[in-house]
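Structure file work38.tsv (TSV, C-alpha atoms) is printed below.
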chain	number	residue	atom	x	y	z
A	1	MET	CA	83.30	61.25	161.73
A	2	GLY	CA	85.84	58.57	160.88
A	3	ASP	CA	83.62	55.86	162.33
A	4	THR	CA	80.69	57.16	160.25
A	5	LYS	CA	82.75	56.91	157.06
A	6	GLU	CA	83.85	53.40	157.95
A	7	GLU	CA	80.25	52.36	158.62
A	8	ILE	CA	78.99	53.85	155.35
A	9	TYR	CA	81.77	52.10	153.45
A	10	ARG	CA	80.96	48.76	155.08
A	11	LYS	CA	77.27	49.13	154.17
A	12	ILE	CA	78.06	50.03	150.56
A	13	ASN	CA	80.54	47.16	150.33
A	14	ASP	CA	78.01	44.69	151.76
A	15	TYR	CA	75.30	45.77	149.30
A	16	PHE	CA	77.71	45.64	146.38
A	17	VAL	CA	78.89	42.13	147.26
A	18	LYS	CA	75.28	40.94	147.48
A	19	ILE	CA	74.15	42.30	144.10
A	20	ASP	CA	77.42	41.26	142.44
A	21	ALA	CA	76.84	37.59	143.25
A	22	GLN	CA	76.90	35.32	140.21
A	23	LYS	CA	73.48	33.91	141.04
A	24	VAL	CA	71.99	37.43	140.82
A	25	TRP	CA	73.43	37.95	137.35
A	26	ASN	CA	72.19	34.52	136.27
A	27	MET	CA	68.71	35.31	137.60
A	28	TRP	CA	68.49	38.47	135.49
A	29	PHE	CA	69.61	36.68	132.33
A	30	ILE	CA	67.01	33.97	132.93
A	31	ILE	CA	64.28	36.62	133.44
A	32	ILE	CA	65.19	38.40	130.18
A	33	ILE	CA	65.30	35.17	128.18
A	34	PHE	CA	62.06	33.92	129.74
A	35	SER	CA	60.30	37.25	129.04
A	36	PHE	CA	61.37	37.04	125.40
A	37	ILE	CA	59.96	33.48	125.15
A	38	ILE	CA	56.64	34.63	126.67
A	39	ASP	CA	56.45	37.45	124.13
A	40	VAL	CA	56.99	35.00	121.28
A	41	VAL	CA	54.31	32.65	122.62
A	42	PHE	CA	51.81	35.50	123.15
A	43	SER	CA	52.54	36.80	119.65
A	44	ILE	CA	51.83	33.37	118.11
A	45	ILE	CA	48.51	32.90	119.89
A	46	GLY	CA	47.57	36.58	119.37
A	47	ILE	CA	47.38	37.78	122.98
A	48	GLU	CA	47.87	41.53	123.52
A	49	THR	CA	49.46	42.75	126.75
A	50	LEU	CA	49.68	46.09	128.54
A	51	PHE	CA	53.40	46.19	127.76
A	52	SER	CA	52.67	46.06	124.02
A	53	ASP	CA	50.64	49.28	124.18
A	54	GLN	CA	53.17	51.10	126.37
A	55	LYS	CA	56.33	50.08	124.54
A	56	GLY	CA	57.19	53.65	123.59
A	57	THR	CA	56.98	54.88	127.16
A	58	ILE	CA	59.00	51.94	128.48
A	59	VAL	CA	61.68	52.40	125.80
A	60	ALA	CA	61.96	56.11	126.67
A	61	ILE	CA	62.39	55.29	130.36
A	62	ASP	CA	65.00	52.66	129.52
A	63	VAL	CA	66.98	55.09	127.35
A	64	VAL	CA	66.98	57.71	130.13
A	65	ILE	CA	68.23	55.17	132.69
A	66	TRP	CA	70.85	53.89	130.24
A	67	THR	CA	72.05	57.44	129.57
A	68	PHE	CA	72.37	58.12	133.30
A	69	THR	CA	74.29	54.87	133.73
A	70	MET	CA	76.72	55.82	130.95
A	71	SER	CA	77.19	59.26	132.55
A	72	ILE	CA	78.58	57.46	135.59
A	73	PHE	CA	81.17	55.84	133.31
A	74	VAL	CA	82.07	59.28	131.97
A	75	TYR	CA	82.35	60.56	135.55
A	76	CYS	CA	84.83	57.78	136.33
A	77	LEU	CA	86.86	58.54	133.20
A	78	GLY	CA	87.11	62.15	134.34
A	79	LYS	CA	88.66	61.05	137.66
A	80	VAL	CA	91.29	58.60	136.37
A	81	ASP	CA	94.09	61.17	136.72
A	82	GLN	CA	93.05	62.28	140.20
A	83	LYS	CA	94.88	60.93	143.21
A	84	TYR	CA	93.93	59.67	146.64
A	85	TYR	CA	96.89	60.11	149.00
A	86	GLY	CA	99.32	59.98	146.06
A	87	ILE	CA	97.65	56.99	144.38
A	88	GLN	CA	95.90	57.42	141.03
A	89	VAL	CA	92.18	56.59	141.04
A	90	VAL	CA	92.59	54.28	138.05
A	91	ASP	CA	95.11	52.13	139.97
A	92	ILE	CA	92.61	51.73	142.80
A	93	PHE	CA	89.38	51.43	140.83
A	94	PHE	CA	90.33	48.28	138.94
A	95	ARG	CA	92.27	46.69	141.80
A	96	GLY	CA	90.90	43.26	142.65
A	97	LEU	CA	88.71	43.16	139.53
A	98	CYS	CA	89.65	40.47	137.03
A	99	VAL	CA	89.90	41.49	133.37
A	100	LYS	CA	87.01	39.23	132.43
A	101	LYS	CA	84.76	40.98	134.96
A	102	ILE	CA	85.60	44.42	133.58
A	103	TYR	CA	84.95	43.32	130.00
A	104	PHE	CA	81.75	41.57	131.04
A	105	VAL	CA	80.22	44.64	132.76
A	106	ALA	CA	81.25	46.94	129.89
A	107	ALA	CA	79.92	44.55	127.24
A	108	THR	CA	76.65	44.08	129.14
A	109	ALA	CA	76.12	47.84	129.46
A	110	PHE	CA	76.67	48.54	125.76
A	111	ALA	CA	75.00	45.38	124.46
A	112	GLU	CA	71.84	46.25	126.32
A	113	ILE	CA	71.02	49.23	124.09
A	114	VAL	CA	71.49	47.06	121.00
A	115	LEU	CA	69.20	44.42	122.46
A	116	LEU	CA	66.66	47.11	123.31
A	117	ILE	CA	66.56	48.27	119.67
A	118	ILE	CA	66.13	44.70	118.42
A	119	MET	CA	63.33	43.94	120.89
A	120	THR	CA	61.55	47.18	120.01
A	121	VAL	CA	61.68	46.42	116.28
A	122	PHE	CA	60.20	42.98	116.83
A	123	GLY	CA	57.54	44.29	119.22
A	124	VAL	CA	58.73	42.34	122.26
A	125	GLY	CA	56.86	44.32	124.95
A	126	ILE	CA	57.42	42.08	127.97
A	127	GLY	CA	61.07	41.67	127.00
A	128	VAL	CA	61.55	45.44	126.80
A	129	PHE	CA	59.99	45.83	130.27
A	130	ALA	CA	62.29	43.14	131.71
A	131	LEU	CA	65.26	44.81	130.05
A	132	THR	CA	64.29	48.13	131.64
A	133	LEU	CA	64.19	46.51	135.08
A	134	PHE	CA	67.60	45.00	134.40
A	135	GLN	CA	68.87	48.45	133.43
A	136	CYS	CA	67.74	49.74	136.84
A	137	TYR	CA	69.71	46.92	138.46
A	138	LEU	CA	72.79	47.71	136.36
A	139	MET	CA	72.54	51.38	137.27
A	140	ILE	CA	72.45	50.57	141.00
A	141	TYR	CA	75.32	48.10	140.50
A	142	ILE	CA	77.57	50.71	138.84
A	143	ILE	CA	76.66	53.43	141.37
A	144	LEU	CA	77.63	51.14	144.25
A	145	MET	CA	80.84	50.13	142.46
A	146	VAL	CA	81.83	53.76	141.94
A	147	LEU	CA	80.97	54.73	145.53
A	148	GLN	CA	82.90	51.75	146.86
A	149	ARG	CA	86.02	52.15	144.73
A	150	THR	CA	86.38	55.93	144.84
A	151	SER	CA	86.21	56.25	148.62
A	152	GLY	CA	89.19	57.00	150.83
A	153	VAL	CA	88.32	54.05	153.06
A	154	PHE	CA	88.58	51.65	150.10
A	155	VAL	CA	92.00	53.10	149.22
A	156	MET	CA	93.29	52.56	152.76
A	157	THR	CA	91.84	49.04	152.82
A	158	GLN	CA	93.66	48.16	149.59
A	159	VAL	CA	96.95	49.57	150.90
A	160	ARG	CA	96.63	47.53	154.10
A	161	GLU	CA	95.93	44.39	152.11
A	162	GLU	CA	98.97	45.01	149.93
A	163	ILE	CA	101.19	45.51	153.00
A	164	ARG	CA	99.87	42.32	154.60
A	165	ASP	CA	100.28	40.26	151.43
A	166	THR	CA	103.68	41.64	150.42
A	167	TYR	CA	105.67	41.90	153.65
A	168	ARG	CA	105.81	38.34	154.94
A	169	ILE	CA	108.73	37.01	156.94
A	170	GLU	CA	108.37	33.52	155.49
A	171	SER	CA	109.43	34.97	152.13
A	172	PHE	CA	112.69	36.47	153.41
A	173	GLU	CA	114.80	33.91	151.53
A	174	SER	CA	113.57	35.30	148.21
A	175	GLN	CA	114.72	38.63	146.84
A	176	VAL	CA	112.69	41.62	147.96
A	177	CYS	CA	110.39	42.51	145.04
A	178	TYR	CA	109.44	46.16	145.27
A	179	LYS	CA	107.21	45.85	142.19
A	180	ASP	CA	104.68	44.12	144.45
A	181	THR	CA	104.28	47.32	146.48
A	182	GLY	CA	102.60	49.26	143.67
A	183	ILE	CA	100.01	51.42	145.41
A	184	PHE	CA	101.90	51.58	148.72
A	185	GLY	CA	105.03	52.71	146.87
A	186	CYS	CA	103.01	55.36	145.02
A	187	MET	CA	101.59	56.57	148.32
A	188	LEU	CA	105.06	56.87	149.87
A	189	HIS	CA	106.50	58.70	146.88
A	190	ASN	CA	103.66	60.96	145.74
A	191	ILE	CA	101.71	61.83	148.88
A	192	ASN	CA	101.54	65.49	149.87
A	193	TYR	CA	103.83	65.62	152.90
A	194	ASP	CA	102.77	69.22	153.57
A	195	SER	CA	99.19	68.10	154.19
A	196	TYR	CA	98.36	67.20	157.79
A	197	ASP	CA	95.52	64.92	156.69
A	198	GLU	CA	97.54	63.00	154.11
A	199	THR	CA	100.61	62.52	156.31
A	200	GLY	CA	98.23	61.31	159.03
A	201	LYS	CA	96.89	58.64	156.68
A	202	LEU	CA	100.42	57.66	155.70
A	203	LEU	CA	101.49	57.37	159.33
A	204	GLY	CA	98.47	55.11	159.90
A	205	MET	CA	99.67	52.82	157.09
A	206	LEU	CA	103.22	52.81	158.51
A	207	ARG	CA	101.84	51.83	161.91
A	208	TYR	CA	100.04	48.96	160.20
A	209	TYR	CA	103.34	48.03	158.52
A	210	ASN	CA	105.01	47.93	161.94
A	211	LYS	CA	102.25	45.80	163.46
A	212	ASN	CA	102.29	43.50	160.45
A	213	PHE	CA	105.88	42.51	161.20
A	214	GLU	CA	105.39	42.53	164.98
A	215	ARG	CA	102.65	39.90	164.57
A	216	GLN	CA	105.05	37.67	162.65
A	217	ILE	CA	108.08	37.95	164.93
A	218	ASN	CA	108.68	35.37	167.62
A	219	SER	CA	111.38	35.22	170.30
A	220	GLU	CA	113.92	33.55	167.99
A	221	ILE	CA	113.96	35.35	164.65
A	222	GLU	CA	116.55	34.28	162.07
A	223	ILE	CA	119.22	36.67	160.81
A	224	GLY	CA	117.83	36.31	157.29
A	225	ALA	CA	114.42	37.48	158.47
A	226	LYS	CA	115.97	40.42	160.32
A	227	LYS	CA	117.85	41.44	157.19
A	228	TYR	CA	114.62	41.15	155.19
A	229	ILE	CA	112.84	43.58	157.54
A	230	ASN	CA	115.87	45.91	157.38
A	231	GLU	CA	115.81	45.96	153.58
A	232	CYS	CA	112.03	46.46	153.38
A	233	SER	CA	112.13	49.35	155.85
A	234	LYS	CA	115.13	50.92	154.11
A	235	GLU	CA	113.27	50.84	150.80
A	236	ILE	CA	110.23	52.50	152.36
A	237	ALA	CA	112.45	55.25	153.79
A	238	ARG	CA	114.04	55.68	150.35
A	239	HIS	CA	110.60	56.18	148.77
A	240	MET	CA	109.73	58.76	151.41
A	241	TYR	CA	112.91	60.74	150.76
A	242	MET	CA	112.51	60.80	146.97
A	243	ASN	CA	111.07	64.31	147.03
A	244	ARG	CA	110.59	67.22	149.45
A	245	ILE	CA	113.18	66.09	151.99
A	246	GLU	CA	112.36	68.82	154.50
A	247	ALA	CA	108.68	67.90	154.71
A	248	ASN	CA	109.42	64.18	154.71
A	249	GLN	CA	111.79	64.39	157.66
A	250	LYS	CA	108.99	64.86	160.18
A	251	ALA	CA	107.03	61.91	158.73
A	252	VAL	CA	110.12	59.69	158.98
A	253	MET	CA	110.74	60.87	162.53
A	254	ASP	CA	107.16	60.07	163.55
A	255	TRP	CA	107.41	56.62	161.95
A	256	TYR	CA	110.75	55.98	163.65
A	257	ARG	CA	109.38	56.93	167.06
A	258	GLU	CA	106.45	54.57	166.58
A	259	GLY	CA	108.60	51.66	165.46
A	260	GLY	CA	107.28	49.71	168.42
A	261	SER	CA	109.09	46.61	169.62
A	262	CYS	CA	110.52	45.80	166.17
A	263	ILE	CA	114.06	47.15	166.27
A	264	GLU	CA	114.69	45.84	162.75
A	265	ILE	CA	112.33	48.47	161.32
A	266	LYS	CA	114.26	51.27	163.00
A	267	GLN	CA	117.51	49.73	161.78
A	268	GLY	CA	116.20	49.80	158.21
A	269	ILE	CA	115.23	53.48	158.48
A	270	LEU	CA	118.69	54.30	159.79
A	271	MET	CA	120.33	52.34	156.96
A	272	HIS	CA	118.92	54.64	154.30
A	273	ILE	CA	119.81	57.82	156.18
A	274	ILE	CA	123.32	56.55	156.93
A	275	GLU	CA	123.83	55.74	153.25
A	276	GLU	CA	122.81	59.28	152.31
A	277	CYS	CA	124.95	60.97	154.96
A	278	GLY	CA	127.05	62.89	152.47
A	279	SER	CA	125.95	66.26	153.78
A	280	GLY	CA	125.70	68.00	157.13
A	281	TYR	CA	121.90	68.00	156.88
A	282	LYS	CA	121.66	64.22	156.67
A	283	VAL	CA	124.14	63.77	159.54
A	284	ALA	CA	122.00	66.12	161.65
A	285	ALA	CA	118.89	64.11	160.71
A	286	LEU	CA	120.65	60.89	161.69
A	287	GLU	CA	121.71	62.33	165.04
A	288	LYS	CA	118.18	63.55	165.67
A	289	LEU	CA	116.79	60.05	165.14
A	290	LEU	CA	119.45	58.38	167.28
A	291	ASN	CA	119.02	60.86	170.13
A	292	SER	CA	115.22	60.50	170.10
A	293	GLU	CA	115.45	56.78	170.87
A	294	THR	CA	114.77	55.61	174.41
A	295	LYS	CA	114.15	51.86	174.36
A	296	TYR	CA	117.00	50.82	172.04
A	297	TYR	CA	119.31	53.79	172.45
A	298	ARG	CA	122.58	51.87	172.82
A	299	GLU	CA	121.68	49.09	170.37
A	300	LEU	CA	120.81	51.54	167.59
A	301	HIS	CA	123.96	53.57	168.18
A	302	ILE	CA	125.95	50.35	167.79
A	303	TRP	CA	123.96	49.58	164.65
A	304	ALA	CA	124.81	53.02	163.21
A	305	LEU	CA	128.44	52.45	164.13
A	306	VAL	CA	128.63	49.02	162.47
A	307	TYR	CA	126.81	50.13	159.32
A	308	ASN	CA	129.16	53.10	158.95
A	309	VAL	CA	132.10	50.71	159.30
A	310	TYR	CA	130.59	48.55	156.55
A	311	LEU	CA	130.10	51.53	154.20
A	312	HIS	CA	133.57	52.87	155.03
A	313	GLU	CA	135.07	50.06	152.93
A	314	PHE	CA	133.56	51.47	149.73
A	315	GLU	CA	135.29	54.01	147.51
A	316	GLY	CA	134.77	57.65	148.42
A	317	GLN	CA	133.63	56.90	151.98
A	318	ASP	CA	136.81	57.79	153.86
A	319	TRP	CA	135.05	60.60	155.69
A	320	ARG	CA	133.07	58.02	157.67
A	321	ALA	CA	136.16	57.21	159.76
A	322	PHE	CA	135.69	60.50	161.62
A	323	TYR	CA	132.01	59.82	162.26
A	324	ILE	CA	132.80	56.29	163.46
A	325	GLU	CA	135.24	57.67	165.98
A	326	TYR	CA	132.65	60.22	167.06
A	327	LEU	CA	130.00	57.52	167.63
A	328	MET	CA	132.41	55.40	169.67
A	329	ARG	CA	133.21	58.36	171.93
A	330	LYS	CA	129.59	59.47	172.15
A	331	MET	CA	128.29	56.14	173.41
A	332	GLY	CA	131.44	55.05	175.23
A	333	PHE	CA	131.75	51.87	173.19
A	334	GLY	CA	133.12	49.02	175.29
A	335	ALA	CA	131.82	50.34	178.56
A	336	VAL	CA	129.22	47.57	178.43
A	337	LYS	CA	130.67	44.07	178.13
A	338	THR	CA	128.17	42.98	175.50
A	339	ASP	CA	128.97	45.85	173.10
A	340	ALA	CA	131.45	43.82	171.04
A	341	VAL	CA	129.12	40.81	170.84
A	342	THR	CA	126.25	43.04	169.76
A	343	ALA	CA	128.45	44.69	167.09
A	344	ILE	CA	129.57	41.33	165.69
A	345	GLY	CA	125.96	40.14	165.57
A	346	TYR	CA	124.95	43.26	163.68
A	347	TRP	CA	127.87	42.81	161.29
A	348	ASN	CA	126.69	39.28	160.49
A	349	GLN	CA	123.21	40.71	159.91
A	350	ILE	CA	124.53	43.33	157.48
A	351	THR	CA	127.15	41.40	155.56
A	352	ASP	CA	129.17	38.17	155.43
A	353	ALA	CA	130.89	37.13	158.65
A	354	ASP	CA	134.11	36.33	156.73
A	355	ASN	CA	135.06	40.01	156.50
A	356	LEU	CA	135.19	40.76	160.23
A	357	TYR	CA	138.65	42.37	160.07
A	358	SER	CA	137.16	45.72	159.04
A	359	LEU	CA	135.00	45.74	162.18
A	360	PHE	CA	137.74	44.43	164.50
A	361	ARG	CA	139.97	47.40	163.62
A	362	TYR	CA	137.55	49.65	165.47
A	363	ILE	CA	136.03	47.61	168.29
A	364	PHE	CA	139.23	45.93	169.55
Write-out of the structure in structure tokens:
Amino acid sequence: MGDTKEEIYRKINDYFVKIDAQKVWNMWFIIIIFSFIIDVVFSIIGIETLFSDQKGTIVAIDVVIWTFTMSIFVYCLGKVDQKYYGIQVVDIFFRGLCVKKIYFVAATAFAEIVLLIIMTVFGVGIGVFALTLFQCYLMIYIILMVLQRTSGVFVMTQVREEIRDTYRIESFESQVCYKDTGIFGCMLHNINYDSYDETGKLLGMLRYYNKNFERQINSEIEIGAKKYINECSKEIARHMYMNRIEANQKAVMDWYREGGSCIEIKQGILMHIIEECGSGYKVAALEKLLNSETKYYRELHIWALVYNVYLHEFEGQDWRAFYIEYLMRKMGFGAVKTDAVTAIGYWNQITDADNLYSLFRYIF
């Protein structure tokens, strides 16, 4: 069924792109202008045409088609407050359309009825017929636009494009701008986490997010880039936990398990949960994530240890000293020679290397 939807969407998208070409619009404008000139010439030399006798019928057909076309606009207006996977239809519908294009289509649709009245008054039969054919084209154009932009496939395509364009490692030196993640952020925050279908779509987008970074990572990734991935992933986890924590926990767990080979993503998820560990529930959630890890079990325990040490320095975080001691006993910190080196590397990734004393108090 999914493949069928994808195929239908691709067909609709292909047809829409073809009829939306600028040369197609130009052709229609030339036809209308040329038909008006022919009418003027025929009127001067006194030639009657079939279109002149059937103007009333043609005008009636044109008005019916125009009315149907406008009803599609009304249909769209009625759906602006509806949501696809937590994203409002209006935010998706106009995405990728320039303002000039929107104004142009709206002005063309409403100007056509005015032009129809003028042509009818002046007895321009051929022009009215050409305008009716153009109205048929405009109707098909708007139907394809609505079908394309109100489909779930289009929504997912736009979210993937936003993820690809926003989360780029080469931009790690600049501050993370969460305003650029408009529809993805809405999806994370507003999606119905109790719905199996919607959480499945979200997990698909999070997998794409993982693969997006995996494609960009090479063997030697800079600390700045690692920190960038940490911060991006932490912000995504924060959006997911904004409401309905109980339902969101499973979605976060599934995303964490499918973090793939990018440990930085899992580190970012843990960062948010560690920051929120002011209650027994969040500590239990943190332990559940850490214990579910297989590939990076020791590394992520060290990461949780180091990040708790970092947060311990802030006011009101004294309780973390007990959890730090617990983590060190749990994993047997120091049993592996590289534990201290790994911890120092993570500290440099989290904060400035000049403040290593806080970390040294625990690991040495």
Surrounding residues of region 132-148 of chain A excluding itself and chain neighbours under 2 positions, 6 Å, only C-alpha atoms, as a PyMOL selection string: chain A and resi 16+62+69+129-130+150-151
| Residue contacts of region 161-171 of chain A (8 Å, all atoms listed in the file) excluding same-chain residues fewer than 5 positions away, as a PyMOL selection string | chain A and resi 180-181+183-184+209+212-213+216+225+228-229+232
State, in Å with one decimal place, the distance from CA of Lys227 (chain A) to CA of Glu299 (chain A).
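Spanning CA of Lys227 (chain A) to CA of Glu299 (chain A) is a straight-line distance of 15.7 Å.
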query: Rounded to one decimal in Å, what is the spacing between CA of Ile31 (chain A) and CA of Lys11 (chain A)?
result: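 We find that CA of Ile31 (chain A) and CA of Lys11 (chain A) lie 27.5 Å from each other.
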Work out how far apart CA of Lys5 (chain A) and CA of Val90 (chain A) are and give it in Å to one decimal.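 CA of Val90 (chain A) lies at a distance of 21.6 Å from CA of Lys5 (chain A).
Contact shell of Asn210 (chain A) at 12 Å (all atoms listed in the file; same-chain neighbours under 6 positions omitted): Arg160, Ile163, Arg164, Tyr167, Arg168, Leu203, Gly204, Gln216, Ile217, Ile229, Asn230, Cys232, Ser233, Ile236, Trp255, Tyr256, Arg257, Glu258, Gly259, Gly260, Ser261, Cys262, Ile263, Glu264, Ile265, Lys266 and Gly268 of chain A.
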Which residues are near Ala304 (chain A)? Cut-off 9 Å, all atoms listed in the file, ignore same chain within fewer than 5 positions. Put them as a compact mmCIF listing (two decimals) with C-alpha atoms, in the frame of the given file.
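The resulting around-v5.txt:
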# COMPACT_ATOMS: atom_id res chain seq x y z
CA GLN A 267 117.51 49.73 161.78
CA LEU A 270 118.69 54.30 159.79
CA MET A 271 120.33 52.34 156.96
CA ILE A 274 123.32 56.55 156.93
CA LEU A 290 119.45 58.38 167.28
CA GLU A 299 121.68 49.09 170.37
CA VAL A 309 132.10 50.71 159.30
CA ILE A 324 132.80 56.29 163.46
CA LEU A 327 130.00 57.52 167.63
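Minimum atom-to-atom distances from A:Ile65, A:Ala251, A:Cys76, A:Leu289 to Asp194 (chain A) were compared using all atoms listed in the file, and the lowest value belongs to A:Ala251.
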Fill in: Who sits within 9 Å of Glu112 (chain A), all atoms listed in the file, same chain under 3 positions skipped, as JSON, numbers by chain
{"A": [66, 107, 108, 109, 115, 116, 117, 131, 135]}
Rebuild region 296-321 of chain A to N, CA and C atoms - output it as a PDB file, keeping the file's coordinate frame, please.
ATOM      1  N   TYR A 296     115.842  51.492 172.632  1.00  0.00           N
ATOM      2  CA  TYR A 296     117.000  50.820 172.040  1.00  0.00           C
ATOM      3  C   TYR A 296     118.135  51.819 171.770  1.00  0.00           C
ATOM      4  N   TYR A 297     118.334  52.726 172.677  1.00  0.00           N
ATOM      5  CA  TYR A 297     119.310  53.790 172.450  1.00  0.00           C
ATOM      6  C   TYR A 297     120.697  53.224 172.133  1.00  0.00           C
ATOM      7  N   ARG A 298     121.215  52.376 173.007  1.00  0.00           N
ATOM      8  CA  ARG A 298     122.580  51.870 172.820  1.00  0.00           C
ATOM      9  C   ARG A 298     122.654  50.920 171.619  1.00  0.00           C
ATOM     10  N   GLU A 299     121.662  50.042 171.464  1.00  0.00           N
ATOM     11  CA  GLU A 299     121.680  49.090 170.370  1.00  0.00           C
ATOM     12  C   GLU A 299     121.684  49.784 169.013  1.00  0.00           C
ATOM     13  N   LEU A 300     120.891  50.850 168.874  1.00  0.00           N
ATOM     14  CA  LEU A 300     120.810  51.540 167.590  1.00  0.00           C
ATOM     15  C   LEU A 300     122.049  52.391 167.330  1.00  0.00           C
ATOM     16  N   HIS A 301     122.682  52.883 168.376  1.00  0.00           N
ATOM     17  CA  HIS A 301     123.960  53.570 168.180  1.00  0.00           C
ATOM     18  C   HIS A 301     125.025  52.586 167.695  1.00  0.00           C
ATOM     19  N   ILE A 302     125.013  51.381 168.258  1.00  0.00           N
ATOM     20  CA  ILE A 302     125.950  50.350 167.790  1.00  0.00           C
ATOM     21  C   ILE A 302     125.641  49.975 166.349  1.00  0.00           C
ATOM     22  N   TRP A 303     124.359  49.888 166.026  1.00  0.00           N
ATOM     23  CA  TRP A 303     123.960  49.580 164.650  1.00  0.00           C
ATOM     24  C   TRP A 303     124.482  50.649 163.680  1.00  0.00           C
ATOM     25  N   ALA A 304     124.319  51.928 164.051  1.00  0.00           N
ATOM     26  CA  ALA A 304     124.810  53.020 163.210  1.00  0.00           C
ATOM     27  C   ALA A 304     126.329  52.946 163.074  1.00  0.00           C
ATOM     28  N   LEU A 305     126.987  52.600 164.154  1.00  0.00           N
ATOM     29  CA  LEU A 305     128.440  52.450 164.130  1.00  0.00           C
ATOM     30  C   LEU A 305     128.857  51.358 163.164  1.00  0.00           C
ATOM     31  N   VAL A 306     128.253  50.177 163.299  1.00  0.00           N
ATOM     32  CA  VAL A 306     128.630  49.020 162.470  1.00  0.00           C
ATOM     33  C   VAL A 306     128.307  49.275 161.003  1.00  0.00           C
ATOM     34  N   TYR A 307     127.170  49.907 160.719  1.00  0.00           N
ATOM     35  CA  TYR A 307     126.810  50.130 159.320  1.00  0.00           C
ATOM     36  C   TYR A 307     127.729  51.171 158.680  1.00  0.00           C
ATOM     37  N   ASN A 308     128.175  52.146 159.462  1.00  0.00           N
ATOM     38  CA  ASN A 308     129.160  53.100 158.950  1.00  0.00           C
ATOM     39  C   ASN A 308     130.494  52.421 158.680  1.00  0.00           C
ATOM     40  N   VAL A 309     130.874  51.478 159.528  1.00  0.00           N
ATOM     41  CA  VAL A 309     132.100  50.710 159.300  1.00  0.00           C
ATOM     42  C   VAL A 309     131.976  49.919 157.999  1.00  0.00           C
ATOM     43  N   TYR A 310     130.823  49.322 157.779  1.00  0.00           N
ATOM     44  CA  TYR A 310     130.590  48.550 156.550  1.00  0.00           C
ATOM     45  C   TYR A 310     130.697  49.451 155.313  1.00  0.00           C
ATOM     46  N   LEU A 311     130.074  50.626 155.356  1.00  0.00           N
ATOM     47  CA  LEU A 311     130.100  51.530 154.200  1.00  0.00           C
ATOM     48  C   LEU A 311     131.471  52.180 154.013  1.00  0.00           C
ATOM     49  N   HIS A 312     132.243  52.257 155.097  1.00  0.00           N
ATOM     50  CA  HIS A 312     133.570  52.870 155.030  1.00  0.00           C
ATOM     51  C   HIS A 312     134.491  52.135 154.068  1.00  0.00           C
ATOM     52  N   GLU A 313     134.223  50.870 153.808  1.00  0.00           N
ATOM     53  CA  GLU A 313     135.070  50.060 152.930  1.00  0.00           C
ATOM     54  C   GLU A 313     134.873  50.393 151.453  1.00  0.00           C
ATOM     55  N   PHE A 314     133.824  51.135 151.124  1.00  0.00           N
ATOM     56  CA  PHE A 314     133.560  51.470 149.730  1.00  0.00           C
ATOM     57  C   PHE A 314     134.321  52.725 149.327  1.00  0.00           C
ATOM     58  N   GLU A 315     134.535  52.877 148.043  1.00  0.00           N
ATOM     59  CA  GLU A 315     135.290  54.010 147.510  1.00  0.00           C
ATOM     60  C   GLU A 315     134.563  55.324 147.789  1.00  0.00           C
ATOM     61  N   GLY A 316     135.326  56.327 148.175  1.00  0.00           N
ATOM     62  CA  GLY A 316     134.770  57.650 148.420  1.00  0.00           C
ATOM     63  C   GLY A 316     134.092  57.816 149.773  1.00  0.00           C
ATOM     64  N   GLN A 317     134.284  56.845 150.676  1.00  0.00           N
ATOM     65  CA  GLN A 317     133.630  56.900 151.980  1.00  0.00           C
ATOM     66  C   GLN A 317     134.616  57.084 153.128  1.00  0.00           C
ATOM     67  N   ASP A 318     135.772  57.629 152.825  1.00  0.00           N
ATOM     68  CA  ASP A 318     136.810  57.790 153.860  1.00  0.00           C
ATOM     69  C   ASP A 318     136.367  58.698 154.988  1.00  0.00           C
ATOM     70  N   TRP A 319     135.490  59.646 154.677  1.00  0.00           N
ATOM     71  CA  TRP A 319     135.050  60.600 155.690  1.00  0.00           C
ATOM     72  C   TRP A 319     134.331  59.927 156.859  1.00  0.00           C
ATOM     73  N   ARG A 320     133.823  58.723 156.619  1.00  0.00           N
ATOM     74  CA  ARG A 320     133.070  58.020 157.670  1.00  0.00           C
ATOM     75  C   ARG A 320     133.964  57.632 158.855  1.00  0.00           C
ATOM     76  N   ALA A 321     135.253  57.564 158.655  1.00  0.00           N
ATOM     77  CA  ALA A 321     136.160  57.210 159.760  1.00  0.00           C
ATOM     78  C   ALA A 321     136.019  58.202 160.912  1.00  0.00           C
TER      79      ALA A 321
END
